[in-house]
$ cat data-v4.txt   # compact mmCIF, C-alpha atoms
# COMPACT_ATOMS: atom_id res chain seq x y z
CA MET A 1 30.65 -14.44 -15.21
CA THR A 2 28.01 -13.51 -12.63
CA GLU A 3 24.94 -11.49 -13.58
CA ASN A 4 26.17 -8.32 -11.89
CA LYS A 5 29.41 -8.48 -13.90
CA ARG A 6 27.64 -8.51 -17.27
CA ARG A 7 28.59 -5.83 -19.71
CA ILE A 8 26.29 -2.82 -19.68
CA PRO A 9 26.00 -1.19 -23.09
CA THR A 10 26.68 2.54 -23.14
CA GLN A 11 27.78 3.35 -26.67
CA GLY A 12 25.92 3.18 -29.95
CA ARG A 13 27.20 -0.10 -31.33
CA ALA A 14 26.93 -1.93 -28.02
CA LEU A 15 23.41 -0.57 -27.47
CA ALA A 16 22.44 -1.71 -30.96
CA THR A 17 23.75 -5.21 -30.22
CA TYR A 18 21.93 -5.33 -26.88
CA GLU A 19 18.68 -4.23 -28.53
CA ALA A 20 19.13 -6.73 -31.38
CA ILE A 21 19.42 -9.57 -28.85
CA LEU A 22 16.28 -8.43 -27.05
CA GLU A 23 14.31 -7.94 -30.27
CA ALA A 24 15.36 -11.32 -31.69
CA SER A 25 14.34 -12.98 -28.41
CA PHE A 26 10.95 -11.31 -28.44
CA GLN A 27 10.29 -12.24 -32.07
CA ILE A 28 11.24 -15.88 -31.54
CA LEU A 29 9.12 -16.14 -28.41
CA ASP A 30 6.08 -14.42 -29.87
CA GLN A 31 6.19 -16.02 -33.32
CA GLU A 32 7.63 -19.48 -32.67
CA GLY A 33 6.98 -20.11 -28.98
CA GLU A 34 8.97 -20.72 -25.83
CA LEU A 35 10.25 -24.14 -26.89
CA ARG A 36 12.19 -22.62 -29.80
CA LEU A 37 13.78 -19.94 -27.61
CA ASN A 38 17.39 -20.81 -26.77
CA THR A 39 20.53 -18.70 -26.63
CA ASN A 40 22.08 -20.21 -29.76
CA TYR A 41 19.02 -19.44 -31.85
CA ILE A 42 18.71 -15.96 -30.31
CA ALA A 43 22.35 -15.17 -31.17
CA GLU A 44 21.89 -16.45 -34.72
CA ARG A 45 18.68 -14.45 -35.21
CA ALA A 46 20.27 -11.31 -33.72
CA GLY A 47 23.31 -11.66 -35.95
CA VAL A 48 25.80 -11.90 -33.07
CA SER A 49 28.07 -14.60 -31.73
CA ILE A 50 27.00 -16.63 -28.71
CA GLY A 51 29.96 -15.14 -26.83
CA THR A 52 28.64 -11.64 -27.51
CA LEU A 53 25.20 -12.63 -26.23
CA TYR A 54 26.76 -13.95 -23.01
CA GLN A 55 28.64 -10.68 -22.51
CA TYR A 56 25.26 -9.05 -21.91
CA PHE A 57 23.03 -11.83 -20.53
CA ALA A 58 23.77 -14.82 -18.30
CA ASP A 59 21.10 -16.97 -19.90
CA ARG A 60 17.73 -17.07 -21.59
CA ASP A 61 15.89 -16.15 -18.39
CA ALA A 62 17.98 -13.00 -17.97
CA ILE A 63 16.87 -11.93 -21.45
CA LEU A 64 13.23 -12.71 -20.68
CA ALA A 65 13.45 -10.84 -17.38
CA GLU A 66 14.74 -7.73 -19.17
CA LEU A 67 11.94 -8.03 -21.72
CA GLY A 68 9.47 -8.43 -18.83
CA HIS A 69 10.86 -5.32 -17.14
CA ARG A 70 10.46 -3.31 -20.32
CA HIS A 71 6.97 -4.68 -20.82
CA ALA A 72 5.92 -3.61 -17.30
CA GLU A 73 7.55 -0.22 -17.79
CA ALA A 74 5.69 0.35 -21.08
CA ILE A 75 2.33 -0.43 -19.45
CA ARG A 76 3.18 1.83 -16.51
CA ASN A 77 4.07 4.69 -18.86
CA ARG A 78 0.90 4.15 -20.89
CA ILE A 79 -1.27 4.30 -17.78
CA ALA A 80 0.58 7.37 -16.51
CA ALA A 81 -0.18 9.06 -19.84
CA ILE A 82 -3.88 8.17 -19.50
CA VAL A 83 -3.92 9.53 -15.95
CA SER A 84 -2.24 12.75 -17.10
CA GLU A 85 -4.92 13.23 -19.76
CA SER A 86 -7.70 12.44 -17.28
CA PRO A 87 -6.42 13.57 -13.86
CA ASP A 88 -9.84 13.18 -12.23
CA ASN A 89 -9.65 9.39 -12.81
CA SER A 90 -12.61 9.53 -15.18
CA ASP A 91 -11.11 7.28 -17.85
CA ILE A 92 -11.03 4.01 -15.92
CA ARG A 93 -11.94 2.03 -19.05
CA ALA A 94 -8.82 3.28 -20.84
CA ILE A 95 -6.71 2.18 -17.87
CA VAL A 96 -8.35 -1.26 -17.83
CA ARG A 97 -7.77 -1.59 -21.58
CA ALA A 98 -4.12 -0.63 -21.14
CA LEU A 99 -3.78 -3.38 -18.53
CA MET A 100 -5.67 -5.90 -20.68
CA ASP A 101 -3.83 -5.12 -23.90
CA GLY A 102 -0.59 -5.30 -21.98
CA GLY A 103 1.68 -3.98 -24.68
CA ARG A 104 3.13 -5.95 -27.51
CA GLY A 105 2.88 -9.62 -28.17
CA LYS A 106 0.45 -12.45 -27.68
CA PRO A 107 -1.15 -12.88 -24.23
CA GLU A 108 0.92 -16.00 -23.55
CA THR A 109 4.11 -14.10 -24.46
CA ARG A 110 3.21 -11.26 -22.11
CA MET A 111 2.37 -13.68 -19.31
CA LEU A 112 5.66 -15.57 -19.69
CA LEU A 113 7.60 -12.28 -19.60
CA SER A 114 5.83 -11.19 -16.41
CA GLU A 115 6.31 -14.55 -14.72
CA THR A 116 9.99 -14.71 -15.65
CA LEU A 117 10.59 -11.17 -14.44
CA ILE A 118 9.16 -12.05 -11.02
CA ARG A 119 10.96 -15.41 -10.85
CA VAL A 120 14.36 -14.00 -11.84
CA ARG A 121 14.30 -10.65 -10.08
CA GLY A 122 12.10 -11.62 -7.14
CA GLU A 123 8.65 -10.69 -5.86
CA SER A 124 9.97 -7.27 -4.82
CA VAL A 125 9.93 -6.25 -8.49
CA ILE A 126 6.15 -5.86 -8.22
CA GLY A 127 6.57 -3.33 -5.44
CA ASP A 128 9.33 -1.56 -7.35
CA HIS A 129 7.09 -1.09 -10.39
CA HIS A 130 4.20 -0.01 -8.20
CA LEU A 131 6.34 2.64 -6.47
CA ALA A 132 7.68 3.85 -9.81
CA PHE A 133 4.11 4.23 -11.06
CA LEU A 134 3.08 6.18 -7.96
CA GLN A 135 6.09 8.44 -8.40
CA SER A 136 5.30 9.10 -12.04
CA VAL A 137 1.64 10.00 -11.42
CA SER A 138 2.34 12.02 -8.28
CA LYS A 139 4.27 14.51 -10.43
CA LEU A 140 1.37 15.07 -12.80
CA PRO A 141 -0.35 18.45 -12.60
CA GLY A 142 -4.05 18.77 -11.86
CA ALA A 143 -4.78 15.59 -9.95
CA ARG A 144 -7.84 16.30 -7.79
CA ARG A 145 -7.05 13.94 -4.99
CA ALA A 146 -4.14 11.62 -4.64
CA LEU A 147 -4.78 8.06 -3.55
CA THR A 148 -2.93 6.80 -0.52
CA HIS A 149 -0.29 4.15 -1.17
CA GLU A 150 -2.67 1.52 0.21
CA GLN A 151 -5.60 2.63 -1.95
CA ALA A 152 -3.47 2.76 -5.10
CA PHE A 153 -2.04 -0.66 -4.26
CA ILE A 154 -5.50 -2.21 -3.82
CA LEU A 155 -6.79 -0.60 -6.99
CA THR A 156 -3.91 -1.60 -9.26
CA GLN A 157 -3.14 -5.00 -7.80
CA ALA A 158 -6.77 -6.13 -7.84
CA ALA A 159 -6.98 -5.52 -11.57
CA ILE A 160 -3.54 -6.95 -12.34
CA SER A 161 -4.13 -10.07 -10.21
CA LEU A 162 -7.50 -10.74 -11.82
CA LEU A 163 -6.07 -10.32 -15.32
CA ARG A 164 -3.18 -12.67 -14.53
CA ALA A 165 -5.65 -15.23 -13.17
CA ALA A 166 -7.78 -14.91 -16.32
CA ALA A 167 -4.74 -15.35 -18.57
CA ALA A 168 -3.70 -18.43 -16.59
CA ALA A 169 -7.13 -20.03 -17.00
CA PRO A 170 -7.92 -20.04 -20.74
CA LYS A 171 -10.26 -23.04 -20.20
CA LEU A 172 -12.70 -20.66 -18.52
CA LYS A 173 -13.17 -18.94 -21.89
CA LEU A 174 -13.91 -15.60 -20.25
CA ASP A 175 -15.46 -13.10 -22.62
CA ARG A 176 -13.01 -10.23 -23.08
CA ILE A 177 -15.65 -7.49 -23.31
CA ARG A 178 -17.55 -8.74 -20.26
CA LEU A 179 -14.31 -9.10 -18.30
CA GLU A 180 -13.37 -5.53 -19.21
CA ASP A 181 -16.82 -4.32 -18.11
CA GLU A 182 -16.52 -6.10 -14.76
CA LEU A 183 -13.04 -4.74 -14.11
CA VAL A 184 -14.24 -1.23 -14.89
CA ARG A 185 -17.18 -1.76 -12.51
CA LEU A 186 -14.82 -3.00 -9.80
CA MET A 187 -12.45 -0.05 -10.12
CA GLU A 188 -15.21 2.56 -10.41
CA SER A 189 -17.01 1.12 -7.40
CA TYR A 190 -13.84 1.20 -5.34
CA LEU A 191 -13.09 4.80 -6.33
CA ALA A 192 -16.70 5.84 -5.62
CA ALA A 193 -16.49 4.25 -2.16
CA LEU A 194 -13.43 6.38 -1.38
CA ASN A 195 -15.35 9.65 -1.84
$ encode --input "data-v4.txt" --output "structure tokens"
Amino acid sequence: MTENKRRIPTQGRALATYEAILEASFQILDQEGELRLNTNYIAERAGVSIGTLYQYFADRDAILAELGHRHAEAIRNRIAAIVSESPDNSDIRAIVRALMDGGRGKPETRMLLSETLIRVRGESVIGDHHLAFLQSVSKLPGARRALTHEQAFILTQAAISLLRAAAAAPKLKLDRIRLEDELVRLMESYLAALN
């Protein structure tokens, strides 16, 4: 069964099964690590048959990609909420913290979800999430001055790329507080230069 022919849950019981598979996958990954994560164990932990799991997901990577999508969406929504509370872009530190905290799970879990999302769904997923973020904040009332697409891209991708690089290089032992301070300085300097 190809990925586009997978069953899409629409009713209560099917949605509950779908969510149970995702939650079991996340728990295994975050608590026991990537090596323990396989479809048989996921199905067992979710309380479903392996056949039921395969009705919804082609393989382990499809599950991780969906978790990665939800992870990115949660961060995007969190930042949109911060922007709505501070439409003049004055709470840069809260935005940086939202990016650094990255939602639920250990840093290595979050990184694996992001990497799998990009690998499975393609590099264009980054642009899709960026456009969805721009759409969500463009509808917010009270924004003093909207950033151009290019400015918003530079601002968000600089921070995201630096945080991914930091997560990929634990041997550097970067101090979290100092890294946060430097990212805030970077973003504030960029925004100040635009005025």
$ closest_residue --input "data-v4.txt" --among "A:Val120, A:Leu29, A:Val125, A:Leu134" --to "Ala80 (chain A)" --atoms "only C-alpha atoms"
A:Leu134
$ atom_distance --input "data-v4.txt" --atom1 "CA of Arg178 (chain A)" --atom2 "CA of His69 (chain A)"
28.8 Å
$ atom_distance --input "data-v4.txt" --atom1 "CA of Tyr54 (chain A)" --atom2 "CA of Ala16 (chain A)"
15.2 Å
$ closest_residue --input "data-v4.txt" --among "A:Leu179, A:Leu147, A:Glu66, A:Tyr56" --to "Leu15 (chain A)" --atoms "only C-alpha atoms"
A:Tyr56
$ residues_around --input "data-v4.txt" --residues "Met111 (chain A)" --least-positions-apart "5" --cutoff "10 Å" --atoms "all atoms listed in the file" --output "JSON, numbers by chain"
{"A": [68, 102, 105, 106, 116, 117, 163, 164, 167, 168]}
$ residues_around --input "data-v4.txt" --residues "region 182-192 of chain A" --least-positions-apart "3" --cutoff "7 Å" --atoms "only C-alpha atoms" --output "list in words"
Ile92, Arg93, Val96, Leu155, Ala159, Arg178, Leu179 and Asn195 of chain A
